[in-house]
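S.K.: Just my_file01.cif, nothing more (mmCIF, C-alpha atoms):
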```cif
data_work
#
loop_
_atom_site.group_PDB
_atom_site.id
_atom_site.type_symbol
_atom_site.label_atom_id
_atom_site.label_comp_id
_atom_site.auth_asym_id
_atom_site.auth_seq_id
_atom_site.Cartn_x
_atom_site.Cartn_y
_atom_site.Cartn_z
ATOM 1 C CA MET A 1 -39.745 -7.430 -16.881
ATOM 2 C CA PRO A 2 -38.794 -11.086 -17.506
ATOM 3 C CA TYR A 3 -39.914 -12.185 -14.031
ATOM 4 C CA GLN A 4 -43.684 -11.753 -14.262
ATOM 5 C CA ILE A 5 -44.184 -14.143 -11.362
ATOM 6 C CA LEU A 6 -42.667 -11.522 -9.041
ATOM 7 C CA HIS A 7 -45.312 -8.892 -9.862
ATOM 8 C CA ASP A 8 -47.683 -10.154 -7.196
ATOM 9 C CA TYR A 9 -45.063 -9.867 -4.459
ATOM 10 C CA ALA A 10 -43.387 -7.057 -2.557
ATOM 11 C CA LEU A 11 -39.678 -7.698 -2.052
ATOM 12 C CA VAL A 12 -38.057 -6.574 1.193
ATOM 13 C CA LEU A 13 -34.254 -6.440 1.384
ATOM 14 C CA GLY A 14 -33.116 -6.945 4.952
ATOM 15 C CA SER A 15 -29.768 -5.229 4.423
ATOM 16 C CA ASN A 16 -28.257 -1.756 4.248
ATOM 17 C CA SER A 17 -25.357 -2.991 2.100
ATOM 18 C CA PRO A 18 -24.935 -0.650 -0.871
ATOM 19 C CA ARG A 19 -23.612 -3.542 -2.950
ATOM 20 C CA ARG A 20 -26.649 -5.746 -2.274
ATOM 21 C CA LYS A 21 -29.014 -2.847 -2.985
ATOM 22 C CA GLN A 22 -27.222 -2.187 -6.282
ATOM 23 C CA PHE A 23 -27.420 -5.826 -7.327
ATOM 24 C CA LEU A 24 -31.199 -5.953 -6.783
ATOM 25 C CA THR A 25 -31.560 -2.683 -8.687
ATOM 26 C CA ASP A 26 -29.406 -4.029 -11.532
ATOM 27 C CA LEU A 27 -31.619 -7.140 -11.643
ATOM 28 C CA GLY A 28 -34.568 -4.839 -12.358
ATOM 29 C CA LEU A 29 -36.280 -5.679 -9.068
ATOM 30 C CA THR A 30 -38.447 -3.303 -7.083
ATOM 31 C CA PHE A 31 -37.855 -3.553 -3.348
ATOM 32 C CA VAL A 32 -37.863 -1.713 -0.051
ATOM 33 C CA VAL A 33 -35.126 -1.864 2.570
ATOM 34 C CA ARG A 34 -36.040 -2.964 6.081
ATOM 35 C CA ALA A 35 -32.825 -3.850 7.892
ATOM 36 C CA SER A 36 -32.308 -4.873 11.502
ATOM 37 C CA ASP A 37 -29.321 -4.108 13.680
ATOM 38 C CA ILE A 38 -28.688 -7.420 15.432
ATOM 39 C CA GLU A 39 -25.616 -8.851 17.088
ATOM 40 C CA GLU A 40 -24.263 -11.371 14.592
ATOM 41 C CA ASN A 41 -23.369 -14.025 17.163
ATOM 42 C CA TYR A 42 -23.465 -17.738 16.429
ATOM 43 C CA PRO A 43 -22.802 -20.974 18.349
ATOM 44 C CA PRO A 44 -19.031 -21.629 18.450
ATOM 45 C CA GLU A 45 -19.367 -25.184 17.166
ATOM 46 C CA LEU A 46 -20.707 -24.003 13.781
ATOM 47 C CA GLN A 47 -18.369 -24.248 10.800
ATOM 48 C CA GLY A 48 -18.343 -22.757 7.291
ATOM 49 C CA ALA A 49 -21.750 -22.407 5.643
ATOM 50 C CA ALA A 50 -23.508 -23.375 8.897
ATOM 51 C CA ILE A 51 -22.374 -20.001 10.294
ATOM 52 C CA THR A 52 -23.756 -17.897 7.446
ATOM 53 C CA ASP A 53 -26.948 -19.995 7.278
ATOM 54 C CA PHE A 54 -27.493 -19.326 10.978
ATOM 55 C CA ILE A 55 -26.886 -15.569 10.722
ATOM 56 C CA ALA A 56 -28.985 -15.103 7.562
ATOM 57 C CA LYS A 57 -31.899 -16.766 9.387
ATOM 58 C CA LEU A 58 -31.186 -14.721 12.525
ATOM 59 C CA LYS A 59 -31.438 -11.528 10.476
ATOM 60 C CA ALA A 60 -34.725 -12.696 8.928
ATOM 61 C CA ASP A 61 -36.200 -13.534 12.332
ATOM 62 C CA ALA A 62 -35.493 -9.962 13.499
ATOM 63 C CA ILE A 63 -37.521 -8.303 10.713
ATOM 64 C CA ALA A 64 -41.308 -8.184 10.775
ATOM 65 C CA LEU A 65 -43.360 -8.823 7.647
ATOM 66 C CA THR A 66 -46.494 -6.718 7.295
ATOM 67 C CA HIS A 67 -48.570 -8.819 4.866
ATOM 68 C CA ASP A 68 -48.740 -12.209 3.132
ATOM 69 C CA LYS A 69 -47.349 -11.001 -0.193
ATOM 70 C CA GLU A 70 -44.044 -9.754 1.169
ATOM 71 C CA ILE A 71 -40.871 -11.772 0.535
ATOM 72 C CA LEU A 72 -37.976 -10.911 2.803
ATOM 73 C CA ILE A 73 -34.409 -11.415 1.565
ATOM 74 C CA THR A 74 -31.634 -11.502 4.166
ATOM 75 C CA SER A 75 -28.063 -12.657 3.693
ATOM 76 C CA ASP A 76 -24.709 -13.057 5.335
ATOM 77 C CA THR A 77 -21.261 -13.407 3.797
ATOM 78 C CA THR A 78 -18.058 -14.680 5.333
ATOM 79 C CA VAL A 79 -14.573 -15.528 4.190
ATOM 80 C CA TRP A 80 -13.661 -19.068 5.271
ATOM 81 C CA SER A 81 -9.913 -19.595 5.533
ATOM 82 C CA GLU A 82 -8.183 -22.655 6.979
ATOM 83 C CA GLY A 83 -11.054 -23.528 9.293
ATOM 84 C CA GLN A 84 -11.701 -19.978 10.471
ATOM 85 C CA SER A 85 -14.415 -17.453 9.625
ATOM 86 C CA LEU A 86 -13.082 -14.004 8.746
ATOM 87 C CA GLY A 87 -15.742 -11.343 9.182
ATOM 88 C CA LYS A 88 -15.322 -7.583 8.935
ATOM 89 C CA PRO A 89 -12.050 -6.287 10.408
ATOM 90 C CA VAL A 90 -12.386 -4.045 13.449
ATOM 91 C CA ASP A 91 -9.284 -1.957 12.699
ATOM 92 C CA ARG A 92 -6.283 -1.482 10.405
ATOM 93 C CA GLN A 93 -4.140 -4.056 12.197
ATOM 94 C CA GLU A 94 -6.768 -6.762 11.923
ATOM 95 C CA ALA A 95 -7.322 -5.920 8.244
ATOM 96 C CA ILE A 96 -3.587 -6.301 7.578
ATOM 97 C CA ALA A 97 -3.523 -9.615 9.455
ATOM 98 C CA MET A 98 -6.499 -10.929 7.457
ATOM 99 C CA LEU A 99 -4.942 -10.092 4.087
ATOM 100 C CA GLN A 100 -1.605 -11.562 5.153
ATOM 101 C CA ARG A 101 -3.471 -14.735 6.072
ATOM 102 C CA LEU A 102 -5.162 -14.865 2.630
ATOM 103 C CA SER A 103 -1.963 -14.001 0.708
ATOM 104 C CA GLY A 104 -0.706 -16.766 -1.563
ATOM 105 C CA LYS A 105 -3.547 -19.142 -0.671
ATOM 106 C CA MET A 106 -7.046 -20.267 -1.607
ATOM 107 C CA HIS A 107 -10.022 -19.384 0.573
ATOM 108 C CA GLU A 108 -13.781 -19.691 0.231
ATOM 109 C CA VAL A 109 -16.349 -16.912 0.166
ATOM 110 C CA ILE A 110 -19.650 -18.188 1.528
ATOM 111 C CA THR A 111 -22.933 -16.285 1.225
ATOM 112 C CA SER A 112 -26.140 -17.596 2.748
ATOM 113 C CA ILE A 113 -29.537 -16.190 1.819
ATOM 114 C CA CYS A 114 -32.795 -16.569 3.707
ATOM 115 C CA LEU A 115 -36.061 -16.101 1.793
ATOM 116 C CA LYS A 116 -39.051 -15.655 4.069
ATOM 117 C CA THR A 117 -42.779 -14.970 3.896
ATOM 118 C CA THR A 118 -45.386 -15.076 6.658
ATOM 119 C CA GLN A 119 -45.966 -18.745 5.744
ATOM 120 C CA LYS A 120 -42.554 -20.243 4.956
ATOM 121 C CA GLU A 121 -38.811 -19.740 4.755
ATOM 122 C CA HIS A 122 -35.916 -21.188 2.800
ATOM 123 C CA VAL A 123 -32.188 -20.859 3.463
ATOM 124 C CA PHE A 124 -29.509 -21.679 0.886
ATOM 125 C CA HIS A 125 -25.847 -20.840 0.405
ATOM 126 C CA VAL A 126 -23.310 -20.406 -2.377
ATOM 127 C CA ILE A 127 -19.570 -21.065 -2.059
ATOM 128 C CA THR A 128 -16.888 -19.572 -4.305
ATOM 129 C CA ALA A 129 -13.173 -20.452 -4.184
ATOM 130 C CA VAL A 130 -10.805 -17.461 -4.449
ATOM 131 C CA HIS A 131 -7.073 -17.776 -5.118
ATOM 132 C CA PHE A 132 -4.862 -14.870 -4.022
ATOM 133 C CA LYS A 133 -1.311 -14.464 -5.287
ATOM 134 C CA ALA A 134 1.363 -13.645 -2.713
ATOM 135 C CA LEU A 135 0.846 -10.036 -1.597
ATOM 136 C CA SER A 136 3.569 -7.756 -0.273
ATOM 137 C CA LEU A 137 3.038 -5.806 2.940
ATOM 138 C CA GLU A 138 3.328 -2.636 0.838
ATOM 139 C CA GLN A 139 0.442 -3.751 -1.381
ATOM 140 C CA ILE A 140 -1.683 -4.719 1.616
ATOM 141 C CA GLU A 141 -1.088 -1.435 3.454
ATOM 142 C CA TYR A 142 -1.695 0.629 0.313
ATOM 143 C CA TYR A 143 -5.017 -1.113 -0.298
ATOM 144 C CA ILE A 144 -6.232 -0.782 3.284
ATOM 145 C CA ASP A 145 -5.223 2.883 3.554
ATOM 146 C CA GLN A 146 -6.748 3.824 0.186
ATOM 147 C CA TYR A 147 -9.941 1.727 0.265
ATOM 148 C CA GLN A 148 -10.753 1.336 3.987
ATOM 149 C CA PRO A 149 -12.303 -2.141 3.586
ATOM 150 C CA TYR A 150 -13.685 -2.280 7.123
ATOM 151 C CA ASP A 151 -17.228 -3.083 5.954
ATOM 152 C CA LYS A 152 -16.126 -6.177 4.021
ATOM 153 C CA ALA A 153 -15.678 -9.759 5.181
ATOM 154 C CA GLY A 154 -12.042 -10.803 4.935
ATOM 155 C CA ALA A 155 -10.972 -7.142 4.605
ATOM 156 C CA TYR A 156 -11.231 -6.960 0.830
ATOM 157 C CA GLY A 157 -13.552 -6.242 -2.058
ATOM 158 C CA ILE A 158 -12.826 -8.188 -5.245
ATOM 159 C CA GLN A 159 -14.232 -5.290 -7.289
ATOM 160 C CA GLU A 160 -11.564 -2.938 -5.873
ATOM 161 C CA TRP A 161 -7.824 -2.471 -6.508
ATOM 162 C CA ILE A 162 -6.792 -5.534 -4.506
ATOM 163 C CA GLY A 163 -8.943 -7.744 -6.722
ATOM 164 C CA LEU A 164 -7.352 -6.316 -9.855
ATOM 165 C CA VAL A 165 -3.767 -6.920 -8.721
ATOM 166 C CA GLY A 166 -4.047 -9.769 -6.249
ATOM 167 C CA ILE A 167 -6.605 -12.365 -7.315
ATOM 168 C CA GLU A 168 -5.271 -14.990 -9.704
ATOM 169 C CA ARG A 169 -8.499 -16.896 -10.278
ATOM 170 C CA ILE A 170 -11.888 -17.788 -8.862
ATOM 171 C CA ASN A 171 -14.018 -20.906 -9.088
ATOM 172 C CA GLY A 172 -17.719 -20.126 -8.885
ATOM 173 C CA SER A 173 -19.912 -17.047 -8.694
ATOM 174 C CA TYR A 174 -18.204 -13.639 -8.983
ATOM 175 C CA THR A 175 -21.196 -11.723 -7.570
ATOM 176 C CA ASN A 176 -21.120 -14.022 -4.549
ATOM 177 C CA ILE A 177 -17.692 -12.619 -3.661
ATOM 178 C CA VAL A 178 -19.052 -9.080 -3.932
ATOM 179 C CA GLY A 179 -21.819 -10.063 -1.512
ATOM 180 C CA LEU A 180 -24.850 -11.530 -3.300
ATOM 181 C CA PRO A 181 -24.920 -14.528 -5.685
ATOM 182 C CA THR A 182 -27.381 -13.044 -8.164
ATOM 183 C CA THR A 183 -27.820 -15.998 -10.526
ATOM 184 C CA GLU A 184 -28.603 -18.385 -7.689
ATOM 185 C CA LEU A 185 -30.792 -15.798 -5.922
ATOM 186 C CA MET A 186 -33.077 -15.411 -8.933
ATOM 187 C CA GLU A 187 -33.350 -19.177 -9.455
ATOM 188 C CA GLU A 188 -34.140 -19.810 -5.792
ATOM 189 C CA LEU A 189 -36.568 -16.883 -5.587
ATOM 190 C CA ILE A 190 -38.639 -18.188 -8.504
ATOM 191 C CA GLN A 191 -38.654 -21.713 -7.046
ATOM 192 C CA PHE A 192 -39.564 -20.344 -3.605
ATOM 193 C CA ILE A 193 -42.641 -18.604 -5.056
ATOM 194 C CA LYS A 194 -43.682 -21.683 -7.049
ATOM 195 C CA ALA A 195 -43.231 -24.134 -4.168
#
```
In structure tokens, write the structure found in this file.
M.R.:
Amino acid sequence: MPYQILHDYALVLGSNSPRRKQFLTDLGLTFVVRASDIEENYPPELQGAAITDFIAKLKADAIALTHDKEILITSDTTVWSEGQSLGKPVDRQEAIAMLQRLSGKMHEVITSICLKTTQKEHVFHVITAVHFKALSLEQIEYYIDQYQPYDKAGAYGIQEWIGLVGIERINGSYTNIVGLPTTELMEELIQFIKA
């Protein structure tokens, strides 16, 4: 294990996301899941990363730590498009509308992460630019009907069919778009422990 400094700590993932769980597993980290089921509401004046920072901290505040050596990891991801936050679509129609909005344009995927112990906390975020080519309604409907992306911000998963046919390029972290910026997480986690 290349992260010896983590051996003295118990990691707690405050999320039931299968993608986030898989990323931590792929990083070789040992962790337990302790998620909360909170309403993800935020003050209407917040914009962009301020929204995800707020919700990541909100999630952390809702989860109790049991001892001093636990480090809680919570996160929130949104798709930021033309001054609007696109969360998870509630139904097929909203999913279609979201993908039509993203079609042929650039948007940002923003993930905020809150690291917390009983003594301190640290919130940071990562922003990735994603460029979609123009998508036909047929492509959008096929993707939504086949992949049911109702658990994904912006109604898409880059790792799925729509990412293979529709995304021209990205600027920044790929894993951030999937839901957890792994490179930045490991750097921040080590610094958080050392601080």
S.K.: Have a look at A:Glu82, A:Glu138, A:Asp26, A:Glu39 and name the one nearest to Ala56 (chain A); count all atoms listed in the file.
M.R.: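 Checking each candidate against Ala56 (chain A), we get A:Glu39 as the closest.
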S.K.: Smallest atom-to-atom distance to Tyr3 (chain A): which of A:Thr78, A:Gln139, A:Ser36, A:Gln191, using all atoms listed in the file?
M.R.: A:Gln191
S.K.: Give me the result of the PyMOL selection byres ((chain A and resi 143-157) around 7) on this file, residue by residue, as a list in words.
M.R.: Thr77, Thr78, Val79, Leu86, Gly87, Lys88, Pro89, Val90, Ala95, Met98, Leu99, Gln139, Ile140, Glu141, Tyr142, Ile158, Gln159, Glu160, Trp161, Ile162, Gly163 and Val178 of chain A
S.K.: Have a look at A:Ala10, A:Ile71, A:Ala50, A:Leu24 and name the one nearest to Gly179 (chain A); count only C-alpha atoms.
M.R.: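 Smallest distance to Gly179 (chain A) is found for A:Leu24.
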S.K.: Would you mind reading off the distance between CA of Glu168 (chain A) and CA of Lys21 (chain A), one decimal, in Å?
M.R.: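 Taking CA of Glu168 (chain A) as the start and CA of Lys21 (chain A) as the end point, the length is 27.5 Å.
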S.K.: Can you pull out every residue within 10 Å of Arg19 (chain A), counting all atoms listed in the file, but drop anything in the same chain fewer than 3 positions away, and send it as a list in words?
M.R.: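 Selected residues are Ser15, Asn16, Gln22, Phe23, Leu24, Thr25, Thr175, Val178, Gly179 and Leu180 of chain A.
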S.K.: So which one's closest to Ile170 (chain A), A:Thr118, A:Lys105, A:Val123, A:Leu189? Using all atoms listed in the file, please.
M.R.: A:Lys105
S.K.: Please return the centre and edge lengths, in Å to one decimal, of a box with edges along x, y and z that contains all listed atoms of region 33-49 of chain A, widened by 8 Å on every side, as AutoDock Vina command-line options.
M.R.:
```
--center_x -27.2 --center_y -13.5 --center_z 10.5 --size_x 33.7 --size_y 39.3 --size_z 31.9
```
S.K.: In terms of the shortest atom-to-atom distance over only C-alpha atoms, which of A:Phe132, A:Tyr9, A:Phe124, A:Phe31 is closest to Thr52 (chain A)?
M.R.: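 The answer is A:Phe124, which sits nearest to Thr52 (chain A).
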S.K.: With the PyMOL selection byres ((chain A and resi 181) around 12) as the selection, what would be picked from this file? Answer as number ranges by chain, please.
M.R.: A: 19-20, 23-24, 27, 75-77, 109-113, 124-128, 172-180, 182-189
S.K.: To one decimal place in Å, what is the distance between CA of Leu6 (chain A) and CA of Leu72 (chain A)?
M.R.: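 CA of Leu72 (chain A) lies at a distance of 12.8 Å from CA of Leu6 (chain A).
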S.K.: Please report the interatomic distance between CA of Gly28 (chain A) and CA of Gln4 (chain A) in Å with one decimal.
M.R.: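 Rounded to one decimal, the two atoms are 11.6 Å apart.
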S.K.: With distances taken over only C-alpha atoms, which residue among A:Leu13, A:Ile73, A:Asp53, A:Ala62 lies nearest Asp37 (chain A)?
M.R.: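 When distances to Asp37 (chain A) are compared using only C-alpha atoms, the smallest one comes from A:Ala62.
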S.K.: Find the residues near Leu58 (chain A): any atom within 9 Å, counting only C-alpha atoms, skip ones fewer than 3 places away on the same chain, and give them as a PDB file with C-alpha atoms, keeping the file's coordinate frame.
M.R.:
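selection.pdb written:
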```pdb
ATOM      1  CA  ILE A  38     -28.688  -7.420  15.432  1.00  0.00           C
ATOM      2  CA  GLU A  40     -24.263 -11.371  14.592  1.00  0.00           C
ATOM      3  CA  ASP A  53     -26.948 -19.995   7.278  1.00  0.00           C
ATOM      4  CA  PHE A  54     -27.493 -19.326  10.978  1.00  0.00           C
ATOM      5  CA  ILE A  55     -26.886 -15.569  10.722  1.00  0.00           C
ATOM      6  CA  ASP A  61     -36.200 -13.534  12.332  1.00  0.00           C
ATOM      7  CA  ALA A  62     -35.493  -9.962  13.499  1.00  0.00           C
ATOM      8  CA  THR A  74     -31.634 -11.502   4.166  1.00  0.00           C
TER       9      THR A  74
END
```
